[in-house]
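Enquirer: So here's model-v1.pdb, just PDB, C-alpha atoms:
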ATOM      1  CA  MET A   1     122.719  77.277  63.429
ATOM      2  CA  ARG A   2     122.213  80.881  62.400
ATOM      3  CA  VAL A   3     120.714  82.854  65.281
ATOM      4  CA  GLY A   4     119.060  86.199  64.570
ATOM      5  CA  VAL A   5     118.394  89.081  66.956
ATOM      6  CA  PRO A   6     116.044  91.786  65.635
ATOM      7  CA  ARG A   7     115.566  95.149  67.321
ATOM      8  CA  GLU A   8     112.501  95.193  69.574
ATOM      9  CA  ILE A   9     109.725  97.330  68.074
ATOM     10  CA  LYS A  10     107.032  97.190  70.754
ATOM     11  CA  VAL A  11     106.306 100.552  72.374
ATOM     12  CA  GLU A  12     108.696 101.356  75.239
ATOM     13  CA  GLU A  13     110.614  98.080  74.953
ATOM     14  CA  TYR A  14     114.347  98.740  75.291
ATOM     15  CA  ARG A  15     115.705  95.266  75.979
ATOM     16  CA  VAL A  16     117.391  92.984  73.449
ATOM     17  CA  GLY A  17     117.130  89.251  72.869
ATOM     18  CA  LEU A  18     120.839  88.544  73.340
ATOM     19  CA  THR A  19     123.443  90.582  75.190
ATOM     20  CA  PRO A  20     126.963  90.755  73.733
ATOM     21  CA  ALA A  21     128.077  88.195  76.355
ATOM     22  CA  SER A  22     125.370  85.796  75.150
ATOM     23  CA  VAL A  23     126.412  86.338  71.535
ATOM     24  CA  ARG A  24     129.959  85.419  72.480
ATOM     25  CA  GLU A  25     128.728  82.148  73.991
ATOM     26  CA  TYR A  26     126.788  81.235  70.838
ATOM     27  CA  VAL A  27     129.781  81.994  68.618
ATOM     28  CA  ALA A  28     132.127  80.031  70.893
ATOM     29  CA  HIS A  29     129.850  77.005  70.420
ATOM     30  CA  GLY A  30     130.073  77.252  66.636
ATOM     31  CA  HIS A  31     126.908  79.176  65.771
ATOM     32  CA  ASP A  32     126.523  82.249  63.572
ATOM     33  CA  VAL A  33     124.777  85.270  65.096
ATOM     34  CA  ILE A  34     123.282  88.158  63.148
ATOM     35  CA  VAL A  35     122.027  91.264  64.940
ATOM     36  CA  GLU A  36     119.957  94.107  63.547
ATOM     37  CA  GLN A  37     121.761  97.424  63.720
ATOM     38  CA  GLY A  38     120.896  99.398  66.839
ATOM     39  CA  ALA A  39     119.268  96.392  68.544
ATOM     40  CA  GLY A  40     121.356  96.811  71.685
ATOM     41  CA  LEU A  41     121.277 100.579  72.057
ATOM     42  CA  GLY A  42     118.589 100.375  74.736
ATOM     43  CA  ILE A  43     120.984  98.480  77.024
ATOM     44  CA  GLY A  44     123.984 100.619  76.113
ATOM     45  CA  ALA A  45     125.523  98.085  73.717
ATOM     46  CA  GLY A  46     126.370  99.555  70.330
ATOM     47  CA  ASP A  47     126.959  97.656  67.110
ATOM     48  CA  ASP A  48     130.743  97.651  67.564
ATOM     49  CA  ILE A  49     130.374  95.838  70.879
ATOM     50  CA  TYR A  50     128.307  93.154  69.174
ATOM     51  CA  ARG A  51     130.857  92.884  66.362
ATOM     52  CA  SER A  52     133.637  92.374  68.886
ATOM     53  CA  ALA A  53     131.576  89.558  70.435
ATOM     54  CA  GLY A  54     131.430  87.852  67.044
ATOM     55  CA  ALA A  55     128.085  88.960  65.633
ATOM     56  CA  VAL A  56     127.416  90.155  62.110
ATOM     57  CA  ILE A  57     125.403  93.389  61.995
ATOM     58  CA  VAL A  58     122.648  93.602  59.376
ATOM     59  CA  ASP A  59     120.641  96.615  58.284
ATOM     60  CA  THR A  60     117.077  95.380  58.685
ATOM     61  CA  ALA A  61     114.956  92.948  60.648
ATOM     62  CA  ALA A  62     113.738  91.533  57.343
ATOM     63  CA  GLU A  63     117.215  90.081  56.728
ATOM     64  CA  ILE A  64     117.045  88.311  60.087
ATOM     65  CA  PHE A  65     113.583  86.833  59.556
ATOM     66  CA  ALA A  66     114.567  85.754  56.036
ATOM     67  CA  THR A  67     117.845  83.996  56.894
ATOM     68  CA  ALA A  68     117.940  83.025  60.595
ATOM     69  CA  ASP A  69     117.237  79.480  61.743
ATOM     70  CA  MET A  70     116.224  80.781  65.171
ATOM     71  CA  VAL A  71     114.964  84.263  66.037
ATOM     72  CA  VAL A  72     115.612  85.350  69.628
ATOM     73  CA  LYS A  73     113.542  88.237  70.999
ATOM     74  CA  VAL A  74     112.277  89.643  74.284
ATOM     75  CA  LYS A  75     108.656  90.622  73.670
ATOM     76  CA  GLU A  76     105.992  88.815  71.701
ATOM     77  CA  PRO A  77     106.196  89.342  67.917
ATOM     78  CA  GLN A  78     104.156  92.186  66.515
ATOM     79  CA  PRO A  79     101.968  91.679  63.398
ATOM     80  CA  THR A  80     104.717  92.933  61.083
ATOM     81  CA  GLU A  81     107.059  90.362  62.634
ATOM     82  CA  TRP A  82     104.916  87.236  62.829
ATOM     83  CA  SER A  83     104.002  87.726  59.154
ATOM     84  CA  GLN A  84     107.705  87.223  58.341
ATOM     85  CA  LEU A  85     108.126  83.998  60.313
ATOM     86  CA  ARG A  86     108.314  80.776  58.327
ATOM     87  CA  GLU A  87     107.701  77.071  58.726
ATOM     88  CA  ASP A  88     111.325  75.946  59.192
ATOM     89  CA  GLN A  89     112.131  78.623  61.799
ATOM     90  CA  ILE A  90     112.298  78.674  65.607
ATOM     91  CA  LEU A  91     111.036  81.683  67.560
ATOM     92  CA  PHE A  92     112.325  82.006  71.124
ATOM     93  CA  THR A  93     110.752  84.814  73.158
ATOM     94  CA  TYR A  94     108.065  85.715  75.699
ATOM     95  CA  LEU A  95     104.668  85.054  74.089
ATOM     96  CA  HIS A  96     101.888  85.231  76.732
ATOM     97  CA  LEU A  97      99.330  83.865  74.299
ATOM     98  CA  ALA A  98      96.378  83.452  76.675
ATOM     99  CA  PRO A  99      94.938  86.975  76.224
ATOM    100  CA  ASP A 100      96.210  87.426  72.641
ATOM    101  CA  THR A 101      94.137  85.531  70.094
ATOM    102  CA  ALA A 102      95.478  87.507  67.139
ATOM    103  CA  GLN A 103      99.082  86.601  67.913
ATOM    104  CA  THR A 104      98.153  82.958  68.438
ATOM    105  CA  LYS A 105      96.498  82.792  65.028
ATOM    106  CA  GLY A 106      99.407  84.636  63.418
ATOM    107  CA  LEU A 107     101.964  82.200  64.818
ATOM    108  CA  LEU A 108      99.881  79.192  63.793
ATOM    109  CA  ALA A 109      99.567  80.582  60.273
ATOM    110  CA  SER A 110     103.328  81.101  60.018
ATOM    111  CA  GLY A 111     104.052  77.465  60.788
ATOM    112  CA  CYS A 112     107.092  78.361  62.903
ATOM    113  CA  SER A 113     108.086  76.522  66.073
ATOM    114  CA  ALA A 114     107.440  79.138  68.772
ATOM    115  CA  ILE A 115     108.916  78.502  72.230
ATOM    116  CA  ALA A 116     107.665  80.766  75.006
ATOM    117  CA  TYR A 117     110.141  81.640  77.749
ATOM    118  CA  GLU A 118     107.356  81.731  80.309
ATOM    119  CA  THR A 119     106.344  78.094  79.736
ATOM    120  CA  VAL A 120     109.801  76.482  79.787
ATOM    121  CA  THR A 121     109.967  74.243  82.871
ATOM    122  CA  ASP A 122     112.871  72.703  84.771
ATOM    123  CA  ALA A 123     113.169  69.217  86.253
ATOM    124  CA  HIS A 124     111.241  70.338  89.334
ATOM    125  CA  GLY A 125     108.358  71.913  87.406
ATOM    126  CA  GLY A 126     109.603  75.451  88.011
ATOM    127  CA  LEU A 127     109.642  78.268  85.470
ATOM    128  CA  PRO A 128     113.326  79.303  85.339
ATOM    129  CA  LEU A 129     112.986  81.776  82.480
ATOM    130  CA  LEU A 130     109.941  83.505  83.950
ATOM    131  CA  ALA A 131     111.312  83.717  87.498
ATOM    132  CA  PRO A 132     113.835  86.550  86.884
ATOM    133  CA  MET A 133     111.172  88.736  85.278
ATOM    134  CA  SER A 134     108.803  87.949  88.133
ATOM    135  CA  GLU A 135     111.458  89.016  90.622
ATOM    136  CA  VAL A 136     111.819  92.312  88.771
ATOM    137  CA  ALA A 137     108.036  92.757  88.552
ATOM    138  CA  GLY A 138     107.536  92.156  92.273
ATOM    139  CA  ARG A 139     110.155  94.702  93.255
ATOM    140  CA  LEU A 140     108.960  97.259  90.722
ATOM    141  CA  ALA A 141     105.406  96.835  92.003
ATOM    142  CA  ILE A 142     106.367  98.452  95.313
ATOM    143  CA  GLU A 143     108.190 101.294  93.584
ATOM    144  CA  ALA A 144     105.070 101.899  91.490
ATOM    145  CA  ALA A 145     102.898 101.731  94.609
ATOM    146  CA  GLY A 146     105.027 104.310  96.398
ATOM    147  CA  ALA A 147     104.779 106.680  93.465
ATOM    148  CA  ALA A 148     101.004 106.207  93.188
ATOM    149  CA  LEU A 149     100.492 106.955  96.883
ATOM    150  CA  ARG A 150     101.962 110.435  96.518
ATOM    151  CA  LYS A 151      99.526 113.327  96.561
ATOM    152  CA  SER A 152     101.252 114.791  93.508
ATOM    153  CA  ALA A 153     100.179 111.633  91.664
ATOM    154  CA  ASP A 154      96.579 112.051  92.905
ATOM    155  CA  GLY A 155      97.166 109.427  95.597
ATOM    156  CA  MET A 156      96.436 109.345  99.318
ATOM    157  CA  GLY A 157      99.580 111.247 100.268
ATOM    158  CA  LYS A 158     100.949 108.404 102.401
ATOM    159  CA  LEU A 159     104.415 106.942 102.833
ATOM    160  CA  ILE A 160     104.715 103.185 102.474
ATOM    161  CA  GLY A 161     106.562 102.899 105.782
ATOM    162  CA  GLY A 162     104.958 105.801 107.609
ATOM    163  CA  VAL A 163     106.965 107.830 110.153
ATOM    164  CA  PRO A 164     107.151 107.720 113.973
ATOM    165  CA  GLY A 165     103.644 108.427 115.237
ATOM    166  CA  VAL A 166     101.973 107.709 111.866
ATOM    167  CA  ALA A 167     100.909 104.214 110.803
ATOM    168  CA  PRO A 168     102.526 102.694 107.705
ATOM    169  CA  SER A 169     100.576 101.922 104.566
ATOM    170  CA  ARG A 170      98.650  98.662 104.502
ATOM    171  CA  ILE A 171      99.616  96.514 101.522
ATOM    172  CA  ALA A 172      97.681  93.413 100.472
ATOM    173  CA  VAL A 173      99.560  91.049  98.146
ATOM    174  CA  ILE A 174      97.310  88.570  96.342
ATOM    175  CA  GLY A 175      99.492  85.628  95.367
ATOM    176  CA  GLY A 176     102.468  84.250  97.251
ATOM    177  CA  GLY A 177     104.657  83.176  94.350
ATOM    178  CA  VAL A 178     107.809  84.849  93.046
ATOM    179  CA  VAL A 179     106.141  88.205  92.283
ATOM    180  CA  GLY A 180     104.288  88.335  95.589
ATOM    181  CA  THR A 181     107.311  87.258  97.628
ATOM    182  CA  HIS A 182     109.581  89.918  96.145
ATOM    183  CA  ALA A 183     106.900  92.581  96.468
ATOM    184  CA  ALA A 184     106.453  91.682 100.137
ATOM    185  CA  ARG A 185     110.218  91.689 100.699
ATOM    186  CA  MET A 186     110.537  95.195  99.276
ATOM    187  CA  ALA A 187     107.512  96.458 101.215
ATOM    188  CA  ALA A 188     108.749  94.908 104.453
ATOM    189  CA  GLY A 189     112.085  96.639 103.982
ATOM    190  CA  LEU A 190     110.249  99.958 103.782
ATOM    191  CA  GLY A 191     108.259  99.225 106.928
ATOM    192  CA  ALA A 192     104.806  98.567 105.455
ATOM    193  CA  ASP A 193     102.004  96.597 107.115
ATOM    194  CA  ILE A 194     101.739  93.610 104.753
ATOM    195  CA  VAL A 195      99.474  90.631 104.253
ATOM    196  CA  ILE A 196     100.003  87.914 101.618
ATOM    197  CA  LEU A 197      96.980  85.932 100.449
ATOM    198  CA  ASP A 198      97.399  82.575  98.730
ATOM    199  CA  ARG A 199      95.489  79.316  98.283
ATOM    200  CA  SER A 200      98.432  77.029  99.006
ATOM    201  CA  LEU A 201      98.836  76.294 102.700
ATOM    202  CA  PRO A 202     102.334  74.824 102.174
ATOM    203  CA  ARG A 203     103.350  78.066 100.464
ATOM    204  CA  LEU A 204     101.858  80.163 103.251
ATOM    205  CA  ARG A 205     103.855  78.137 105.785
ATOM    206  CA  ILE A 206     107.050  78.792 103.827
ATOM    207  CA  LEU A 207     106.283  82.509 103.669
ATOM    208  CA  ASP A 208     105.484  82.626 107.368
ATOM    209  CA  GLU A 209     108.864  81.094 108.190
ATOM    210  CA  MET A 210     110.662  83.236 105.608
ATOM    211  CA  PHE A 211     109.424  86.537 107.014
ATOM    212  CA  LEU A 212     109.570  85.482 110.687
ATOM    213  CA  GLY A 213     106.195  87.059 111.465
ATOM    214  CA  ARG A 214     107.071  90.366 109.781
ATOM    215  CA  VAL A 215     104.401  89.661 107.147
ATOM    216  CA  ARG A 216     100.917  88.294 107.874
ATOM    217  CA  THR A 217      99.586  85.424 105.776
ATOM    218  CA  ARG A 218      95.955  84.506 105.021
ATOM    219  CA  TYR A 219      94.306  81.765 103.074
ATOM    220  CA  ALA A 220      92.764  83.426 100.007
ATOM    221  CA  THR A 221      89.046  82.844 100.391
ATOM    222  CA  LEU A 222      86.733  85.315  98.668
ATOM    223  CA  GLU A 223      85.853  86.773 102.060
ATOM    224  CA  ALA A 224      89.508  87.170 103.072
ATOM    225  CA  ILE A 225      90.381  88.897  99.794
ATOM    226  CA  GLU A 226      87.409  91.247 100.148
ATOM    227  CA  GLU A 227      88.310  92.148 103.746
ATOM    228  CA  GLU A 228      91.940  92.853 102.933
ATOM    229  CA  VAL A 229      91.151  94.843  99.782
ATOM    230  CA  ILE A 230      88.688  97.037 101.665
ATOM    231  CA  GLY A 231      91.255  97.804 104.361
ATOM    232  CA  ALA A 232      94.337  98.212 102.164
ATOM    233  CA  ASP A 233      96.045 101.330 100.864
ATOM    234  CA  VAL A 234      97.698  99.300  98.102
ATOM    235  CA  VAL A 235      96.732  95.961  96.541
ATOM    236  CA  ILE A 236      99.341  94.004  94.571
ATOM    237  CA  GLY A 237      97.973  91.492  92.063
ATOM    238  CA  ALA A 238     100.526  88.675  91.845
ATOM    239  CA  VAL A 239      98.546  85.590  90.846
ATOM    240  CA  LEU A 240     100.030  83.262  88.245
ATOM    241  CA  VAL A 241      98.167  80.561  86.375
ATOM    242  CA  PRO A 242     100.814  79.095  84.023
ATOM    243  CA  GLY A 243      99.798  79.500  80.411
ATOM    244  CA  ALA A 244      96.564  81.339  81.226
ATOM    245  CA  SER A 245      95.305  84.806  82.070
ATOM    246  CA  ALA A 246      95.301  85.806  85.727
ATOM    247  CA  PRO A 247      91.902  85.310  87.404
ATOM    248  CA  LYS A 248      89.887  88.435  88.210
ATOM    249  CA  LEU A 249      89.754  88.441  92.005
ATOM    250  CA  VAL A 250      89.085  92.104  92.810
ATOM    251  CA  SER A 251      85.807  93.514  91.525
ATOM    252  CA  ARG A 252      84.457  97.005  91.014
ATOM    253  CA  ALA A 253      81.794  96.235  93.626
ATOM    254  CA  GLN A 254      84.471  95.571  96.244
ATOM    255  CA  LEU A 255      86.264  98.800  95.421
ATOM    256  CA  ALA A 256      82.995 100.745  95.500
ATOM    257  CA  THR A 257      82.572  99.918  99.198
ATOM    258  CA  ARG A 258      85.720 101.841 100.080
ATOM    259  CA  SER A 259      85.541 105.379 101.440
ATOM    260  CA  ARG A 260      89.025 106.271 100.164
ATOM    261  CA  ARG A 261      91.225 105.646  97.163
ATOM    262  CA  VAL A 262      93.383 102.549  96.806
ATOM    263  CA  GLY A 263      96.440 101.917  94.655
ATOM    264  CA  LEU A 264      96.170  98.795  92.493
ATOM    265  CA  VAL A 265      99.390  97.376  91.101
ATOM    266  CA  SER A 266      99.377  94.485  88.667
ATOM    267  CA  GLY A 267     102.605  92.594  89.222
ATOM    268  CA  ARG A 268     101.569  90.323  86.366
ATOM    269  CA  ARG A 269     101.383  93.271  83.967
ATOM    270  CA  ALA A 270     104.972  94.351  83.935
ATOM    271  CA  PRO A 271     107.663  94.132  82.836
ATOM    272  CA  CYS A 272     107.163  91.016  80.789
ATOM    273  CA  SER A 273     103.508  90.115  80.651
ATOM    274  CA  LYS A 274     100.635  90.797  78.328
ATOM    275  CA  PRO A 275      97.580  92.709  79.635
ATOM    276  CA  SER A 276      96.397  90.195  82.225
ATOM    277  CA  ALA A 277      95.624  91.365  85.720
ATOM    278  CA  THR A 278      93.902  90.427  88.965
ATOM    279  CA  PHE A 279      91.628  93.476  88.847
ATOM    280  CA  MET A 280      88.367  93.808  86.912
ATOM    281  CA  THR A 281      89.046  97.556  86.703
ATOM    282  CA  PHE A 282      92.280  96.972  84.810
ATOM    283  CA  HIS A 283      92.764  98.559  81.379
ATOM    284  CA  PRO A 284      96.078  98.186  79.532
ATOM    285  CA  ALA A 285      97.924 101.438  78.863
ATOM    286  CA  PRO A 286     101.301 100.842  77.173
ATOM    287  CA  THR A 287     102.641 104.374  77.501
ATOM    288  CA  SER A 288     101.074 105.723  80.708
ATOM    289  CA  PRO A 289     102.188 104.629  84.181
ATOM    290  CA  THR A 290      98.789 104.987  85.866
ATOM    291  CA  ARG A 291      95.081 104.804  85.203
ATOM    292  CA  SER A 292      92.145 105.884  87.351
ATOM    293  CA  ALA A 293      89.350 103.397  87.778
ATOM    294  CA  SER A 294      86.399 103.504  90.153
ATOM    295  CA  GLY A 295      88.095 105.869  92.552
ATOM    296  CA  THR A 296      91.351 103.933  92.437
ATOM    297  CA  ARG A 297      94.812 104.745  91.243
ATOM    298  CA  THR A 298      96.215 101.876  89.214
ATOM    299  CA  PRO A 299      99.926 101.713  88.391
ATOM    300  CA  LEU A 300     100.453  99.499  85.379
TER     301      LEU A 300
END
Rewrite the structure from the file as structure tokens, please.
Expert:
Amino acid sequence: MRVGVPREIKVEEYRVGLTPASVREYVAHGHDVIVEQGAGLGIGAGDDIYRSAGAVIVDTAAEIFATADMVVKVKEPQPTEWSQLREDQILFTYLHLAPDTAQTKGLLASGCSAIAYETVTDAHGGLPLLAPMSEVAGRLAIEAAGAALRKSADGMGKLIGGVPGVAPSRIAVIGGGVVGTHAARMAAGLGADIVILDRSLPRLRILDEMFLGRVRTRYATLEAIEEEVIGADVVIGAVLVPGASAPKLVSRAQLATRSRRVGLVSGRRAPCSKPSATFMTFHPAPTSPTRSASGTRTPL
């Protein structure tokens, strides 16, 4: 098989579909790998490193789409990319089709066989290719929250963990999956006052045992979500519905009842997802880290 790796062209995307180590594995198993020049610069891997791993460097992405049996990417194909896909070709990448009708139609029109990382399941029904990105997203969510709480960022001027004599920030995590668990772990390490809301009692029991009482858990009724959102300094949206957009669980009306600002962080927005968040106030902003909405500060 000829495997092609084009350079990612989406705004602020620096990753690459295959690392040099992955290229070496493909070549060792008898496959040919072609990589667009400069594709690995964002991860510090120049063309010579890819050549030493066994790849052939080509000048343009067009050569990859025209000759590769399988195209391996990171982000969903952009219009100029899906128009080059063909019927006898495999596309392997994150797709997140639920909120993206245009991409869905473009892929259907191309006739390619598109495999989405985020929908690949293992023998136990887990999502092994989505889990690593969810771990990253959960941990980054707390870093984004800390930055948004700073007064210099138009936040409340609070520390996540507080200091002796000053209460820590209250963080509500909606969703107790991989994103929510890693967000809570990071926040707990910083000393925050955390609650995780979820609709699976078995999952809440696991989380309760995992955190040994360091993190509160609540069943995610509408009333519970509203109470925790109203009292929180930061709300992390970490709800996953496989293959679909995240449900909108936090409304403008709920936020309007607050007397102070709140930081909203969509753990399902970054680093791998399409614009799909738990908050009705959410607006995608590919190049800006924050947005203001209804008196809130929303890291994206």
Enquirer: Residues picked by the PyMOL selection byres ((chain A and resi 72-77) around 9) here, as a PDB file with C-alpha atoms, in the coordinates of the input?
Expert:
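The result, written out as part_33.pdb:
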ATOM      1  CA  VAL A   3     120.714  82.854  65.281  1.00  0.00           C
ATOM      2  CA  GLY A   4     119.060  86.199  64.570  1.00  0.00           C
ATOM      3  CA  VAL A   5     118.394  89.081  66.956  1.00  0.00           C
ATOM      4  CA  PRO A   6     116.044  91.786  65.635  1.00  0.00           C
ATOM      5  CA  ARG A   7     115.566  95.149  67.321  1.00  0.00           C
ATOM      6  CA  GLU A   8     112.501  95.193  69.574  1.00  0.00           C
ATOM      7  CA  ILE A   9     109.725  97.330  68.074  1.00  0.00           C
ATOM      8  CA  LYS A  10     107.032  97.190  70.754  1.00  0.00           C
ATOM      9  CA  GLU A  13     110.614  98.080  74.953  1.00  0.00           C
ATOM     10  CA  ARG A  15     115.705  95.266  75.979  1.00  0.00           C
ATOM     11  CA  VAL A  16     117.391  92.984  73.449  1.00  0.00           C
ATOM     12  CA  GLY A  17     117.130  89.251  72.869  1.00  0.00           C
ATOM     13  CA  LEU A  18     120.839  88.544  73.340  1.00  0.00           C
ATOM     14  CA  MET A  70     116.224  80.781  65.171  1.00  0.00           C
ATOM     15  CA  VAL A  71     114.964  84.263  66.037  1.00  0.00           C
ATOM     16  CA  GLN A  78     104.156  92.186  66.515  1.00  0.00           C
ATOM     17  CA  PRO A  79     101.968  91.679  63.398  1.00  0.00           C
ATOM     18  CA  THR A  80     104.717  92.933  61.083  1.00  0.00           C
ATOM     19  CA  GLU A  81     107.059  90.362  62.634  1.00  0.00           C
ATOM     20  CA  TRP A  82     104.916  87.236  62.829  1.00  0.00           C
ATOM     21  CA  ILE A  90     112.298  78.674  65.607  1.00  0.00           C
ATOM     22  CA  LEU A  91     111.036  81.683  67.560  1.00  0.00           C
ATOM     23  CA  PHE A  92     112.325  82.006  71.124  1.00  0.00           C
ATOM     24  CA  THR A  93     110.752  84.814  73.158  1.00  0.00           C
ATOM     25  CA  TYR A  94     108.065  85.715  75.699  1.00  0.00           C
ATOM     26  CA  LEU A  95     104.668  85.054  74.089  1.00  0.00           C
ATOM     27  CA  HIS A  96     101.888  85.231  76.732  1.00  0.00           C
ATOM     28  CA  LEU A  97      99.330  83.865  74.299  1.00  0.00           C
ATOM     29  CA  GLN A 103      99.082  86.601  67.913  1.00  0.00           C
ATOM     30  CA  LEU A 107     101.964  82.200  64.818  1.00  0.00           C
ATOM     31  CA  ALA A 116     107.665  80.766  75.006  1.00  0.00           C
ATOM     32  CA  TYR A 117     110.141  81.640  77.749  1.00  0.00           C
ATOM     33  CA  CYS A 272     107.163  91.016  80.789  1.00  0.00           C
ATOM     34  CA  SER A 273     103.508  90.115  80.651  1.00  0.00           C
ATOM     35  CA  LYS A 274     100.635  90.797  78.328  1.00  0.00           C
TER      36      LYS A 274
END
Enquirer: Just to confirm, what's the straight-line distance from atom CA of Pro168 of chain A to atom CA of Ala192 of chain A in Å (one decimal)?
Expert: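 Separating atom CA of Pro168 of chain A from atom CA of Ala192 of chain A is a distance of 5.2 Å.
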Enquirer: What residues come out when you apply the PyMOL selection byres ((chain A and resi 32) around 9) to this file, written as a list of chain:residue names?
Expert: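 That selection, the PyMOL selection byres ((chain A and resi 32) around 9), comes back as A:Met1, A:Arg2, A:Val3, A:Gly4, A:Val23, A:Tyr26, A:Val27, A:Gly30, A:His31, A:Val33, A:Ile34, A:Gly54, A:Ala55, A:Val56.
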Enquirer: Ranking A:Thr19, A:Thr181, A:Thr67, A:Ser113 by minimum distance to Val239 of chain A and counting all atoms listed in the file, which one comes first?
Expert: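 Residue with the minimum atom-to-atom distance to Val239 of chain A: A:Thr181.
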Enquirer: Find, counting only C-alpha atoms, the residue in A:Gly176, A:Ile196, A:Ala167, A:Gly40 that gets nearest to Gly213 of chain A.
Expert: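 Ranked by minimum distance to Gly213 of chain A, first place goes to A:Ile196.
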Enquirer: Please measure the separation of atom CA of Ala183 of chain A and atom CA of Ala141 of chain A, giving the value in Å to one decimal.
Expert: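 Spanning atom CA of Ala183 of chain A to atom CA of Ala141 of chain A is a straight-line distance of 6.3 Å.
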Enquirer: Here's the selection I'm unsure about, the PyMOL selection byres ((chain A and resi 130-133) around 8); applied to the file above, which residues does it give, as an MDAnalysis selection string?
Expert: chainID A and resid 117:119 127:129 134:137 178 271:272
Enquirer: Find the residues near Arg205 of chain A: any atom within 10 Å, counting only C-alpha atoms, skip ones fewer than 5 places away on the same chain, and give them as JSON, numbers by chain.
Expert: {"A": [200, 210, 217]}
Enquirer: So which one's closest to Gly125 of chain A, A:Pro242, A:Ala172, A:Gly191, A:Val166? Using only C-alpha atoms, please.
Expert: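 Smallest distance to Gly125 of chain A is found for A:Pro242.
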Enquirer: What is the distance between atom CA of Arg139 of chain A and atom CA of Ile194 of chain A, in Å to one decimal?
Expert: 14.3 Å
Enquirer: Of the residues A:Val11, A:Val235, A:Ala187, A:Leu204, which is the one nearest to Gly161 of chain A, using all atoms listed in the file?
Expert: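 Looking only at the distances to Gly161 of chain A, the closest residue turns out to be A:Ala187.
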Enquirer: List as number ranges by chain the protein and nucleic acid residues near Ile236 of chain A, meaning an atom at most 7 Å away when all atoms listed in the file are counted, but skip any in the same chain fewer than 4 places from it.
Expert: A: 172-174, 264-267
Enquirer: Report as a list of chain:residue names all protein, DNA and RNA residues lying within 6 Å of Ala53 of chain A, evaluated on all atoms listed in the file, omitting residues in the same chain fewer than 2 positions from it.
Expert: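 Skipping anything fewer than 2 positions along the chain leaves A:Pro20, A:Arg24, A:Tyr50, A:Arg51, A:Ala55.
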Enquirer: Name the residues in contact with Asp193 of chain A at a cut-off of 10 Å, using all atoms listed in the file, excluding same-chain residues fewer than 3 positions from it; report them as an MDAnalysis selection string.
Expert: chainID A and resid 160:162 167:172 184 187:188 190 214:216 232:233
